[in-house]
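Each remark here refers to the structure printed beneath this line.
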Amino acid sequence: MPIYSEKVMEHFMNPRNVGEIDNPDGVGEVGNPVCGDMMTFYIKVDDNHLSDVKFKTFGCGAAIAVSSIVSEMAMGKSLEEARKITPALVAEELEGLPKNKYHCSNLGAQALNKAIDDYLKKQGKEVKSRRRGKNEKE
Amino acid sequence: MPIYSEKVMEHFMNPRNVGEIDNPDGVGEVGNPVCGDMMTFYIKVDDNHLSDVKFKTFGCGAAIAVSSIVSEMAMGKSLEEARKITPALVAEELEGLPKNKYHCSNLGAQALNKAIDDYLKKQGKEVKSRRRGKNEKE
Amino acid sequence: MKRVYLDNAATTPILPEVVEAMLPYLRDAYGNPQSLHDWGDEARETIEKARGRVAALIGGQPGEIIFTGSGTEANNFAIKGLAQAQQSKGKHIVISAIEHFSVLHSAKTLEKWGFEVTQVPVDGYGLVDPEEVAKSMTEDTILVSVMHANGEVGTIEPIAEIAKVVKKMGALFHTDAVAAAGTIPVDVEQLGVDALSLAANQFYGPKGIGALWLKKGTRIIPFLDGGVQEGGRRAGTENVPAIVGMEKAAELAQQDMSSRIQRLSALREQLIADVSSEIKHTILTGHPAQRLPGNASFCIEFIEGESMLMLLSSKGVAASSGSACTSRALKASHVLTAMGIPPEIAQGSLLFSLGLNNSEEDVDYLVEVLPPIVDRLRQMSPLYAKFVKEQGGGK
Amino acid sequence: MKRVYLDNAATTPILPEVVEAMLPYLRDAYGNPQSLHDWGDEARETIEKARGRVAALIGGQPGEIIFTGSGTEANNFAIKGLAQAQQSKGKHIVISAIEHFSVLHSAKTLEKWGFEVTQVPVDGYGLVDPEEVAKSMTEDTILVSVMHANGEVGTIEPIAEIAKVVKKMGALFHTDAVAAAGTIPVDVEQLGVDALSLAANQFYGPKGIGALWLKKGTRIIPFLDGGVQEGGRRAGTENVPAIVGMEKAAELAQQDMSSRIQRLSALREQLIADVSSEIKHTILTGHPAQRLPGNASFCIEFIEGESMLMLLSSKGVAASSGSACTSRALKASHVLTAMGIPPEIAQGSLLFSLGLNNSEEDVDYLVEVLPPIVDRLRQMSPLYAKFVKEQGGGK
Ligand SMILES: Cc1ncc(COP(=O)(O)O)c(C=O)c1O
Ligand SMILES: Cc1ncc(COP(=O)(O)O)c(C=O)c1O
């Protein structure tokens with residue numbers, strides 16, 4: 001009786017969208033290695049939609065599978081839709097998680113949200129920067 | 001691993017001298033069924049020697065084997081020699097007894113001693129009786 | 001020499017199917033259920049499946065079964081663990097006077113820990129009266145434990161009725177079903193208990209494995225402290241082969257229960273009838289009808305149990321006795337004593353417990369060898385001599 | 001697929017000779033050692049013979065061995081039973097910080113019962129300093145328990161030295177030798193201890209059987225209350241087949257010990273050398289020399305243990321880890337923590353424990369499959385990415 005569902009195992013063995021994005025539009029980092037898991041999500045946004053999502057994860061099998069499925073669920077979605085990816089949805093999509101691993105599904109959703117926050121913040125910044133004519137320099 | 005030695009088993013399976021003596025010269029009864037074991041020894045005395053020893057015993061395997069060996073050890077002995085049959089000697093003769101069965105070897109020696117006491121008491125009585133001329137009547 | 005095992009109350013043989021079921025787990029499937037790899041996964045799956053089957057035997061849910069190392073451990077766990085978990089509510093415990101030592105002595109330990117224990121008496125059949133239980137309970141009573149069936153005299157207790165009065169008074173109710181589970185129908189729902197002990201070696205499973213069924217939501221303090229096995233409630237590497245053996249034994253017991261009961265009860269009735277008619281001055285102990293199917297327990301007057309066992313053994317027959325001489329402490333069975341049997345009668349205690357590998361022939365053989373043994377010991381017995389004299393004198 | 005079991009610290013396979021020795025007692029010789037008949041006599045003889053062999057393994061006397069249902073039970077029994085027996089003399093207990101949970105949590109229970117417990121720290125190798133033990137003891141100290149060897153990091157403690165300081169201070173000394181007995185030479189006389197726990201499933205014997213060796217004359221309060229088995233010190237029907245299994249395993253362990261140690265140590269050195277050279281940023285945990293022959297435990301930096309185990313498992317390799325993610329409670333191993341290993345490093349814990357059925361090929365196979373697994377996880381790891389950037393930046 002493996003502790004994980006087949007879906008978790010499949011995503012763990014073949015995680016989608018592993019990696020970093022050069023010049024990402026947003027980055028979200030949650031957790032820390034002291035607690036056990038750490039995830040970094042990178043996003044590219046095109047026309048208010050997630051045109052690319054990548055991640056790096058330090059952690060258990062669940063953490064890796066959660067990262068993978070969140071990246072897959074988010075890919076192509078509008079920012080508003082992507083915000084609707086809740087921990088419960090993540091766990092459901094993975095056909096369940098052991099009780100003591102639920103926090104991993106939280107982390108995944110949080111990391112994505114943080115990346116979106118980061119993008120929006122940068123957007124605000126960039127808008128502000130543009131006003132200050134800073135963006136043109138780059 | 002039987003709890004009893006071969007010697008105990010042999011005496012238990014083939015106890016010597018079981019029974020009563022009609023008109024015994026002495027009778028000794030010890031123990032009681034409430035405590036678990038009860039032994040009655042019957043003796044015949046000829047010329048200060050035990051010419052017959054018989055017993056009846058209610059009790060465990062050890063009690064029966066002890067009775068048997070005590071009767072055997074006592075048979076033919078002078079009263080003084082018979083008195084020297086101690087519980088320790090009985091246990092030794094039986095090639096050992098389980099710890100919690102030592103009291104049985106006590107009982108055997110006691111019963112024999114009581115029978116001798118009884119004989120001596122009766123002897124005294126009879127002497128006394130003779131003096132009162134009572135014995136002649138019987 | 002013919003060998004007849006009539007001591008199934010001490011331990012039953014293991015059924016060949018049970019040994020077969022265990023073998024793979026003694027040989028190749030040696031994983032630890034806590035391990036995170038294939039060996040561990042397999043072991044985990046194996047014990048979870050077993051949990052379901054064992055639960056089914058007593059009408060419980062898989063999550064309510066906690067495997068233990070014996071019936072004794074299940075009883076220690078239940079009595080000590082439930083009392084400790086409830087001690088803020090009260091410190092009074094009620095047990096019956098005929099509990100197995102594993103309950104009785106656990107309760108004694110609780111007394112040392114500051115709990116108060118009341119023993120409810122039994123009647124001459126060994127029956128506990130639910131009214132007596134009710135009377136013995138106080139505001140402070142947190143736990144009552146009455147055994148389901150007594151292995152020594154066979155009496156089956158009115159557990160459902162006792163449970164009703166206990167629950168009404170708001171205490172927890174545990175039953176030691178070690179002698180009952182797997183032998184007679186036991187259903188925790190119908191019984192209305194909170195906790196129930198069972199052990200595999202009482203129903204043709206292996207030694208070294210028992211279980212505590214604990215009603216969902218019932219708090220208990222672990223007895224064996226350590227790792228997180230059994231949901232953190234019983235530490236120690238799970239005994240996978242033994243658990244599988246218990247599973248198989250439970251499955252077979254459930255499947256064959258009614259036919260087993262029918263067969264054993266018939267043999268028992270034959271044995272009781274024959275022994276009673278062949279041997280005078282024989283008393284049947286325990287309840288005549290409400291008794292375990294294989295249990296035929298007697299007191300044979302004027303003689304002592306151990307010497308009967310030894311002579312029976314010399315004829316190849318295995319039985320047991322509650323006489324003082326057969327106990328390490330040289331005390332007559334507390335069960336017989338609690339039933340009001342006088343000590344000199346209790347000394348003649350003789351228990352035959354029939355099992356699946358006994359036949360009518362075994363009973364016939366017993367009835368052939370027993371009377372001469374009794375005769376021989378009675379001829380040796382000063383008590384019998386007295387009795388005969390008194391009888392003779394009475395003529 | 002190749003299957004390589006490198007988790008012998010969790011449980012060892014049972015040797016075929018051991019299973020063979022057990023079979024008769026699972027099949028025909030099913031008697032209860034307490035019974036007064038041939039079946040009982042045989043069972044009693046069997047376990048008494050076994051007691052002698054198990055005692056011989058650790059240099060003890062047969063009468064000093066009390067069989068238990070597990071190593072966990074032996075530890076619960078020792079810690080709780082010795083403390084309770086000594087409590088009139090004092091209420092202070094000393095244990096090491098790296099004890100197995102069955103000692104650690106038993107000590108916690110003692111705290112609830114009003115005892116005081118001091119944990120002695122260990123150094124970076126997991127070694128307990130006898131001086132530290134002496135310092136931690138007071139007038140009130142009645143019991144000290146330090147494990148013989150730690151199964152997680154393999155470190156072997158200086159038990160004889162610790163025993164000396166403990167005995168000087170007049171306290172009892174217990175050692176949990178579950179990971180040591182049957183694996184390395186253990187002699188209670190040379191060690192100078194009062195009590196010692198062992199378990200068969202750590203040396204190719206069955207699960208569900210352990211023993212407490214208790215020096216003659218040492219008082220202990222029973223843990224399992226009930227019948228008079230094991231001299232009244234451990235109640236419950238004796239698990240005859242498992243006891244016989246433990247006997248056989250003990251016999252084989254004693255007989256083959258030096259050759260086993262030689263073989264396993266060589267394999268272990270090969271494994272440690274190869275893993276350390278093939279995988280950068282790998283830390284060997286535990287003492288480099290004073291360690292169990294089969295124990296090769298590491299921390300692999302920048303990645304986490306459970307994910308390594310899962311990928312190893314997909315290659316047929318069984319191992320274990322003390323990472324937080326592999327524990328039910330999501331806490332990193334208290335052993336690694338006590339050794340001062342930072343939590344993010346402890347997350348990369350990976351333990352290979354070699355056993356008798358491992359070969360050089362198994363090690364070669366591991367060294368072939370492990371590096372790509374580590375690589376793959378490091379490629380996924382944000383920590384590794386940071387490290388590489390910092391390294392790159394540092395160039
Ligand atoms: C009613 C009852 N409870 C508990 C036990 C204890 O079982 P064990 O000695 O196997 O632990 C027995 C054993 O016969 C029993 O009959
Ligand atoms: C040192 C030590 N003590 C105690 C135990 C407990 O053993 P068990 O879980 O078999 O009861 C173990 C188990 O691995 C151990 O390594």
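By order of appearance in the structure tokens: chains A, B, ..., then residues from 1 within every chain, and ligands from 1 in the order shown.
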Distance limit 7 Å, atoms considered: only C-alpha atoms. Which chain D residues sit that close to chain B? Return them as a list of chain:residue names.
D:Asp41, D:Glu42, D:Arg44, D:Glu45
Contacts of D:Ser327 within 10 Å, only C-alpha atoms, excl. fewer than 5 positions in-chain, as a CSV table (one decimal) with C-alpha atoms, in the first residue's frame:
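Saved to result17.csv:
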chain,number,residue,atom,x,y,z
A,100,ASN,CA,0.2,14.9,7.1
C,34,GLN,CA,6.6,1.6,8.5
C,228,VAL,CA,4.0,5.7,15.7
D,306,GLU,CA,11.7,11.1,1.1
D,321,SER,CA,15.7,8.4,6.1
D,322,GLY,CA,15.5,10.5,9.2
D,332,ALA,CA,13.6,15.6,11.6
D,333,SER,CA,15.1,12.7,13.4
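Residues within 10 Å of C:Ile159, counting only C-alpha atoms and excluding same-chain residues fewer than 5 positions away, are C:Val128, C:Asp129, C:Pro130, C:Ser145, C:Val146, C:Met147, C:His148, C:Ala149, C:Lys164, C:Phe173, C:His174, C:Thr175, C:Gln190, C:Leu191, C:Gly192, C:Val193.
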Selected residues written out, N, CA, C and O atoms, as a compact mmCIF listing (two decimals), in the first residue's frame:
# COMPACT_ATOMS: atom_id res chain seq x y z
N VAL C 128 -22.57 -13.07 36.21
CA VAL C 128 -22.58 -11.72 36.78
C VAL C 128 -23.99 -11.16 36.61
O VAL C 128 -24.56 -11.21 35.52
N ASP C 129 -24.55 -10.62 37.67
CA ASP C 129 -25.89 -10.04 37.62
C ASP C 129 -25.78 -8.55 37.28
O ASP C 129 -25.13 -7.80 38.01
N PRO C 130 -26.38 -8.12 36.18
CA PRO C 130 -26.29 -6.70 35.80
C PRO C 130 -26.73 -5.78 36.95
O PRO C 130 -26.15 -4.69 37.11
N SER C 145 -15.31 -3.55 33.67
CA SER C 145 -14.82 -4.62 32.81
C SER C 145 -15.36 -5.97 33.28
O SER C 145 -15.12 -6.37 34.42
N VAL C 146 -16.12 -6.60 32.42
CA VAL C 146 -16.64 -7.94 32.71
C VAL C 146 -16.33 -8.82 31.50
O VAL C 146 -16.58 -8.44 30.36
N MET C 147 -15.80 -9.98 31.77
CA MET C 147 -15.37 -10.85 30.67
C MET C 147 -16.58 -11.40 29.90
O MET C 147 -17.66 -11.60 30.45
N HIS C 148 -16.38 -11.67 28.62
CA HIS C 148 -17.47 -12.17 27.80
C HIS C 148 -17.78 -13.63 28.14
O HIS C 148 -18.92 -14.01 28.34
N ALA C 149 -16.73 -14.42 28.20
CA ALA C 149 -16.92 -15.83 28.59
C ALA C 149 -15.72 -16.23 29.42
O ALA C 149 -14.61 -15.74 29.20
N LYS C 164 -25.75 -2.20 29.08
CA LYS C 164 -26.85 -1.23 29.19
C LYS C 164 -26.78 -0.48 30.51
O LYS C 164 -26.88 0.75 30.54
N PHE C 173 -17.25 0.73 29.09
CA PHE C 173 -17.38 -0.71 29.35
C PHE C 173 -16.42 -1.50 28.47
O PHE C 173 -16.49 -1.42 27.24
N HIS C 174 -15.56 -2.23 29.11
CA HIS C 174 -14.64 -3.13 28.40
C HIS C 174 -15.02 -4.57 28.69
O HIS C 174 -15.41 -4.90 29.81
N THR C 175 -14.91 -5.42 27.67
CA THR C 175 -15.11 -6.84 27.91
C THR C 175 -13.91 -7.63 27.39
O THR C 175 -13.43 -7.39 26.27
N GLN C 190 -23.97 -5.06 18.81
CA GLN C 190 -25.04 -5.67 19.61
C GLN C 190 -24.71 -5.69 21.09
O GLN C 190 -25.58 -5.54 21.93
N LEU C 191 -23.44 -5.86 21.40
CA LEU C 191 -23.05 -5.89 22.81
C LEU C 191 -23.11 -4.51 23.43
O LEU C 191 -23.38 -4.36 24.62
N GLY C 192 -22.83 -3.50 22.61
CA GLY C 192 -22.85 -2.13 23.14
C GLY C 192 -21.67 -1.80 24.03
O GLY C 192 -21.79 -1.00 24.97
N VAL C 193 -20.50 -2.40 23.72
CA VAL C 193 -19.31 -2.16 24.55
C VAL C 193 -18.45 -1.06 23.93
O VAL C 193 -18.67 -0.65 22.77
What are the residues of chain C lining chain D at 7 Å or less? Count only C-alpha atoms, and put the answer as a PyMOL selection string.
chain C and resi 10-11+13-14+19+26-27+30-32+36-38+69-70+72-73+76+101-103+105-106+207-208+224-227+235-236+239+309-310+313+318+320
Output of the above residues as a PDB file, in the first residue's frame, restricted to C-alpha atoms:
ATOM      1  CA  ALA C  10      -4.978 -23.237  27.260  1.00  0.00           C
ATOM      2  CA  THR C  11      -4.243 -22.770  23.593  1.00  0.00           C
ATOM      3  CA  PRO C  13      -3.583 -25.781  17.681  1.00  0.00           C
ATOM      4  CA  ILE C  14      -2.975 -23.592  14.637  1.00  0.00           C
ATOM      5  CA  VAL C  19       0.302 -21.591   8.934  1.00  0.00           C
ATOM      6  CA  LEU C  26       8.064 -15.475   7.457  1.00  0.00           C
ATOM      7  CA  ARG C  27      10.017 -16.079   4.295  1.00  0.00           C
ATOM      8  CA  TYR C  30       9.748  -9.502   5.593  1.00  0.00           C
ATOM      9  CA  GLY C  31       9.267  -5.750   5.211  1.00  0.00           C
ATOM     10  CA  ASN C  32       8.522  -3.377   8.072  1.00  0.00           C
ATOM     11  CA  LEU C  36       8.875   3.803   2.648  1.00  0.00           C
ATOM     12  CA  HIS C  37       9.616   1.312  -0.120  1.00  0.00           C
ATOM     13  CA  ASP C  38       8.081  -1.720  -1.806  1.00  0.00           C
ATOM     14  CA  GLY C  69       1.176  -9.089  21.392  1.00  0.00           C
ATOM     15  CA  SER C  70      -1.379 -11.153  23.339  1.00  0.00           C
ATOM     16  CA  THR C  72      -2.938 -10.296  28.201  1.00  0.00           C
ATOM     17  CA  GLU C  73      -1.513  -7.186  26.572  1.00  0.00           C
ATOM     18  CA  ASN C  76      -3.505  -4.504  30.318  1.00  0.00           C
ATOM     19  CA  PHE C 101      -5.526 -12.496  35.958  1.00  0.00           C
ATOM     20  CA  SER C 102      -4.549 -10.071  33.198  1.00  0.00           C
ATOM     21  CA  VAL C 103      -7.605  -7.970  34.114  1.00  0.00           C
ATOM     22  CA  HIS C 105      -3.856  -7.854  38.273  1.00  0.00           C
ATOM     23  CA  SER C 106      -4.068  -4.812  36.005  1.00  0.00           C
ATOM     24  CA  LYS C 207       0.399 -17.304  19.697  1.00  0.00           C
ATOM     25  CA  GLY C 208       1.856 -13.860  20.273  1.00  0.00           C
ATOM     26  CA  LEU C 224       3.534   0.457  24.958  1.00  0.00           C
ATOM     27  CA  ASP C 225       5.300   3.794  24.437  1.00  0.00           C
ATOM     28  CA  GLY C 226       7.528   4.315  21.435  1.00  0.00           C
ATOM     29  CA  GLY C 227       7.051   4.684  17.702  1.00  0.00           C
ATOM     30  CA  ALA C 235       4.400   1.061  19.556  1.00  0.00           C
ATOM     31  CA  GLY C 236       6.707  -1.661  18.279  1.00  0.00           C
ATOM     32  CA  ASN C 239       4.286  -8.606  13.847  1.00  0.00           C
ATOM     33  CA  LEU C 309      -3.935 -34.662  35.130  1.00  0.00           C
ATOM     34  CA  MET C 310      -0.794 -36.729  35.624  1.00  0.00           C
ATOM     35  CA  SER C 313      -1.290 -37.583  30.771  1.00  0.00           C
ATOM     36  CA  ALA C 318      -4.226 -33.458  27.958  1.00  0.00           C
ATOM     37  CA  SER C 320      -6.289 -28.846  32.916  1.00  0.00           C
TER      38      SER C 320
END
Polymer residues at most 9 Å from A:Ile64, only C-alpha atoms, same-chain spacing of 2 or more positions, as a PyMOL selection string
(chain A and resi 8+11-12+15+39+56-62+66-69+104) or (chain D and resi 307+380)
Please provide as a PDB file with N, CA and C atoms, in the first residue's frame all residues within 9 Å of stretch 245-260 of chain C, with the sequence filter that same-chain residues fewer than 6 positions apart are discarded (counting only C-alpha atoms).
ATOM      1  N   ILE C  14      -2.797 -24.508  15.770  1.00  0.00           N
ATOM      2  CA  ILE C  14      -2.975 -23.592  14.637  1.00  0.00           C
ATOM      3  C   ILE C  14      -3.488 -24.409  13.459  1.00  0.00           C
ATOM      4  N   LEU C  15      -4.467 -23.894  12.753  1.00  0.00           N
ATOM      5  CA  LEU C  15      -4.957 -24.604  11.566  1.00  0.00           C
ATOM      6  C   LEU C  15      -3.907 -24.559  10.463  1.00  0.00           C
ATOM      7  N   GLU C  17      -4.215 -24.083   7.346  1.00  0.00           N
ATOM      8  CA  GLU C  17      -4.432 -22.937   6.455  1.00  0.00           C
ATOM      9  C   GLU C  17      -3.819 -21.667   7.030  1.00  0.00           C
ATOM     10  N   VAL C  18      -3.851 -21.578   8.350  1.00  0.00           N
ATOM     11  CA  VAL C  18      -3.309 -20.389   9.006  1.00  0.00           C
ATOM     12  C   VAL C  18      -1.788 -20.364   8.862  1.00  0.00           C
ATOM     13  N   VAL C  19      -1.160 -21.517   9.089  1.00  0.00           N
ATOM     14  CA  VAL C  19       0.302 -21.591   8.934  1.00  0.00           C
ATOM     15  C   VAL C  19       0.679 -21.268   7.489  1.00  0.00           C
ATOM     16  N   GLU C  20      -0.068 -21.841   6.549  1.00  0.00           N
ATOM     17  CA  GLU C  20       0.217 -21.575   5.139  1.00  0.00           C
ATOM     18  C   GLU C  20       0.149 -20.082   4.839  1.00  0.00           C
ATOM     19  N   ALA C  21      -0.865 -19.420   5.394  1.00  0.00           N
ATOM     20  CA  ALA C  21      -1.031 -17.983   5.147  1.00  0.00           C
ATOM     21  C   ALA C  21       0.131 -17.181   5.723  1.00  0.00           C
ATOM     22  N   MET C  22       0.694 -17.692   6.825  1.00  0.00           N
ATOM     23  CA  MET C  22       1.786 -16.962   7.476  1.00  0.00           C
ATOM     24  C   MET C  22       3.118 -17.125   6.751  1.00  0.00           C
ATOM     25  N   ILE C  47      -1.129  -5.689   6.551  1.00  0.00           N
ATOM     26  CA  ILE C  47      -1.723  -5.575   7.886  1.00  0.00           C
ATOM     27  C   ILE C  47      -3.018  -4.770   7.849  1.00  0.00           C
ATOM     28  N   LYS C  49      -5.236  -4.917   5.455  1.00  0.00           N
ATOM     29  CA  LYS C  49      -6.241  -5.882   5.017  1.00  0.00           C
ATOM     30  C   LYS C  49      -6.627  -6.769   6.207  1.00  0.00           C
ATOM     31  N   ALA C  50      -5.640  -7.201   6.937  1.00  0.00           N
ATOM     32  CA  ALA C  50      -5.898  -8.062   8.098  1.00  0.00           C
ATOM     33  C   ALA C  50      -6.760  -7.346   9.133  1.00  0.00           C
ATOM     34  N   ARG C  51      -6.497  -6.080   9.300  1.00  0.00           N
ATOM     35  CA  ARG C  51      -7.256  -5.297  10.267  1.00  0.00           C
ATOM     36  C   ARG C  51      -8.753  -5.355   9.939  1.00  0.00           C
ATOM     37  N   GLY C  52      -9.029  -5.281   8.658  1.00  0.00           N
ATOM     38  CA  GLY C  52     -10.421  -5.340   8.219  1.00  0.00           C
ATOM     39  C   GLY C  52     -11.075  -6.675   8.559  1.00  0.00           C
ATOM     40  N   ARG C  53     -10.363  -7.761   8.305  1.00  0.00           N
ATOM     41  CA  ARG C  53     -10.914  -9.096   8.562  1.00  0.00           C
ATOM     42  C   ARG C  53     -11.111  -9.351  10.050  1.00  0.00           C
ATOM     43  N   VAL C  54     -10.161  -8.913  10.828  1.00  0.00           N
ATOM     44  CA  VAL C  54     -10.276  -9.122  12.276  1.00  0.00           C
ATOM     45  C   VAL C  54     -11.435  -8.272  12.816  1.00  0.00           C
ATOM     46  N   ALA C  55     -11.552  -7.059  12.312  1.00  0.00           N
ATOM     47  CA  ALA C  55     -12.667  -6.205  12.727  1.00  0.00           C
ATOM     48  C   ALA C  55     -13.993  -6.868  12.368  1.00  0.00           C
ATOM     49  N   ALA C  56     -14.029  -7.466  11.178  1.00  0.00           N
ATOM     50  CA  ALA C  56     -15.277  -8.079  10.702  1.00  0.00           C
ATOM     51  C   ALA C  56     -15.725  -9.214  11.623  1.00  0.00           C
ATOM     52  N   LEU C  57     -14.765  -9.931  12.172  1.00  0.00           N
ATOM     53  CA  LEU C  57     -15.110 -11.054  13.061  1.00  0.00           C
ATOM     54  C   LEU C  57     -15.971 -10.610  14.237  1.00  0.00           C
ATOM     55  N   ILE C  58     -15.761  -9.377  14.680  1.00  0.00           N
ATOM     56  CA  ILE C  58     -16.490  -8.901  15.857  1.00  0.00           C
ATOM     57  C   ILE C  58     -17.398  -7.718  15.522  1.00  0.00           C
ATOM     58  N   ALA C 181     -14.293 -14.559  21.556  1.00  0.00           N
ATOM     59  CA  ALA C 181     -14.173 -14.113  20.168  1.00  0.00           C
ATOM     60  C   ALA C 181     -13.577 -15.213  19.302  1.00  0.00           C
ATOM     61  N   GLY C 182     -14.189 -15.474  18.176  1.00  0.00           N
ATOM     62  CA  GLY C 182     -13.726 -16.532  17.286  1.00  0.00           C
ATOM     63  C   GLY C 182     -14.310 -17.885  17.642  1.00  0.00           C
ATOM     64  N   THR C 183     -14.980 -17.956  18.786  1.00  0.00           N
ATOM     65  CA  THR C 183     -15.566 -19.217  19.240  1.00  0.00           C
ATOM     66  C   THR C 183     -17.091 -19.147  19.233  1.00  0.00           C
ATOM     67  N   ILE C 184     -17.622 -18.047  19.721  1.00  0.00           N
ATOM     68  CA  ILE C 184     -19.068 -17.810  19.668  1.00  0.00           C
ATOM     69  C   ILE C 184     -19.293 -16.460  18.990  1.00  0.00           C
ATOM     70  N   PRO C 185     -20.495 -16.214  18.485  1.00  0.00           N
ATOM     71  CA  PRO C 185     -20.726 -14.917  17.821  1.00  0.00           C
ATOM     72  C   PRO C 185     -20.508 -13.760  18.796  1.00  0.00           C
ATOM     73  N   ALA C 199      -7.798 -12.677  21.234  1.00  0.00           N
ATOM     74  CA  ALA C 199      -6.467 -13.253  21.014  1.00  0.00           C
ATOM     75  C   ALA C 199      -6.585 -14.415  20.046  1.00  0.00           C
ATOM     76  N   ALA C 200      -5.638 -14.466  19.104  1.00  0.00           N
ATOM     77  CA  ALA C 200      -5.714 -15.440  18.013  1.00  0.00           C
ATOM     78  C   ALA C 200      -5.533 -16.875  18.479  1.00  0.00           C
ATOM     79  N   ASN C 201      -4.706 -17.105  19.495  1.00  0.00           N
ATOM     80  CA  ASN C 201      -4.416 -18.486  19.879  1.00  0.00           C
ATOM     81  C   ASN C 201      -5.599 -19.145  20.582  1.00  0.00           C
ATOM     82  N   PHE C 203      -8.505 -19.119  18.889  1.00  0.00           N
ATOM     83  CA  PHE C 203      -9.346 -19.618  17.786  1.00  0.00           C
ATOM     84  C   PHE C 203      -8.497 -20.102  16.609  1.00  0.00           C
ATOM     85  N   TYR C 204      -7.510 -20.954  16.948  1.00  0.00           N
ATOM     86  CA  TYR C 204      -6.739 -21.671  15.936  1.00  0.00           C
ATOM     87  C   TYR C 204      -5.814 -20.770  15.133  1.00  0.00           C
ATOM     88  N   GLY C 205      -5.494 -19.627  15.712  1.00  0.00           N
ATOM     89  CA  GLY C 205      -4.474 -18.750  15.140  1.00  0.00           C
ATOM     90  C   GLY C 205      -3.200 -18.883  15.957  1.00  0.00           C
ATOM     91  N   PRO C 206      -2.183 -18.096  15.584  1.00  0.00           N
ATOM     92  CA  PRO C 206      -0.891 -18.220  16.266  1.00  0.00           C
ATOM     93  C   PRO C 206      -0.876 -17.588  17.656  1.00  0.00           C
ATOM     94  N   ILE C 209      -0.175 -12.939  19.323  1.00  0.00           N
ATOM     95  CA  ILE C 209      -0.914 -11.880  18.644  1.00  0.00           C
ATOM     96  C   ILE C 209      -2.338 -11.791  19.203  1.00  0.00           C
ATOM     97  N   GLY C 210      -2.701 -10.597  19.561  1.00  0.00           N
ATOM     98  CA  GLY C 210      -4.044 -10.312  20.042  1.00  0.00           C
ATOM     99  C   GLY C 210      -4.473  -8.977  19.489  1.00  0.00           C
ATOM    100  N   PRO C 293     -19.021 -23.625  23.694  1.00  0.00           N
ATOM    101  CA  PRO C 293     -19.337 -24.897  23.064  1.00  0.00           C
ATOM    102  C   PRO C 293     -18.395 -26.035  23.451  1.00  0.00           C
ATOM    103  N   GLY C 355     -11.787 -29.099  21.038  1.00  0.00           N
ATOM    104  CA  GLY C 355     -11.444 -28.252  19.902  1.00  0.00           C
ATOM    105  C   GLY C 355     -11.726 -28.952  18.598  1.00  0.00           C
ATOM    106  N   LEU C 356     -11.382 -28.252  17.506  1.00  0.00           N
ATOM    107  CA  LEU C 356     -11.741 -28.739  16.172  1.00  0.00           C
ATOM    108  C   LEU C 356     -11.144 -30.092  15.844  1.00  0.00           C
TER     109      LEU C 356
END
As an NGL selection string, please: the residues near B:Lys77 (cut-off 9 Å, only C-alpha atoms, same-chain neighbours under 5 positions excluded).
:B and (48-51 or 82)
One decimal, in Å: what's the spacing between atom CA of C:Ala296 and atom CA of C:Ser353?
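Taking atom CA of C:Ala296 as the start and atom CA of C:Ser353 as the end point, the length is 6.1 Å.
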So what do you get for atom CA of B:Lys101 versus atom CA of B:Ala65, distance-wise?
11.2 Å
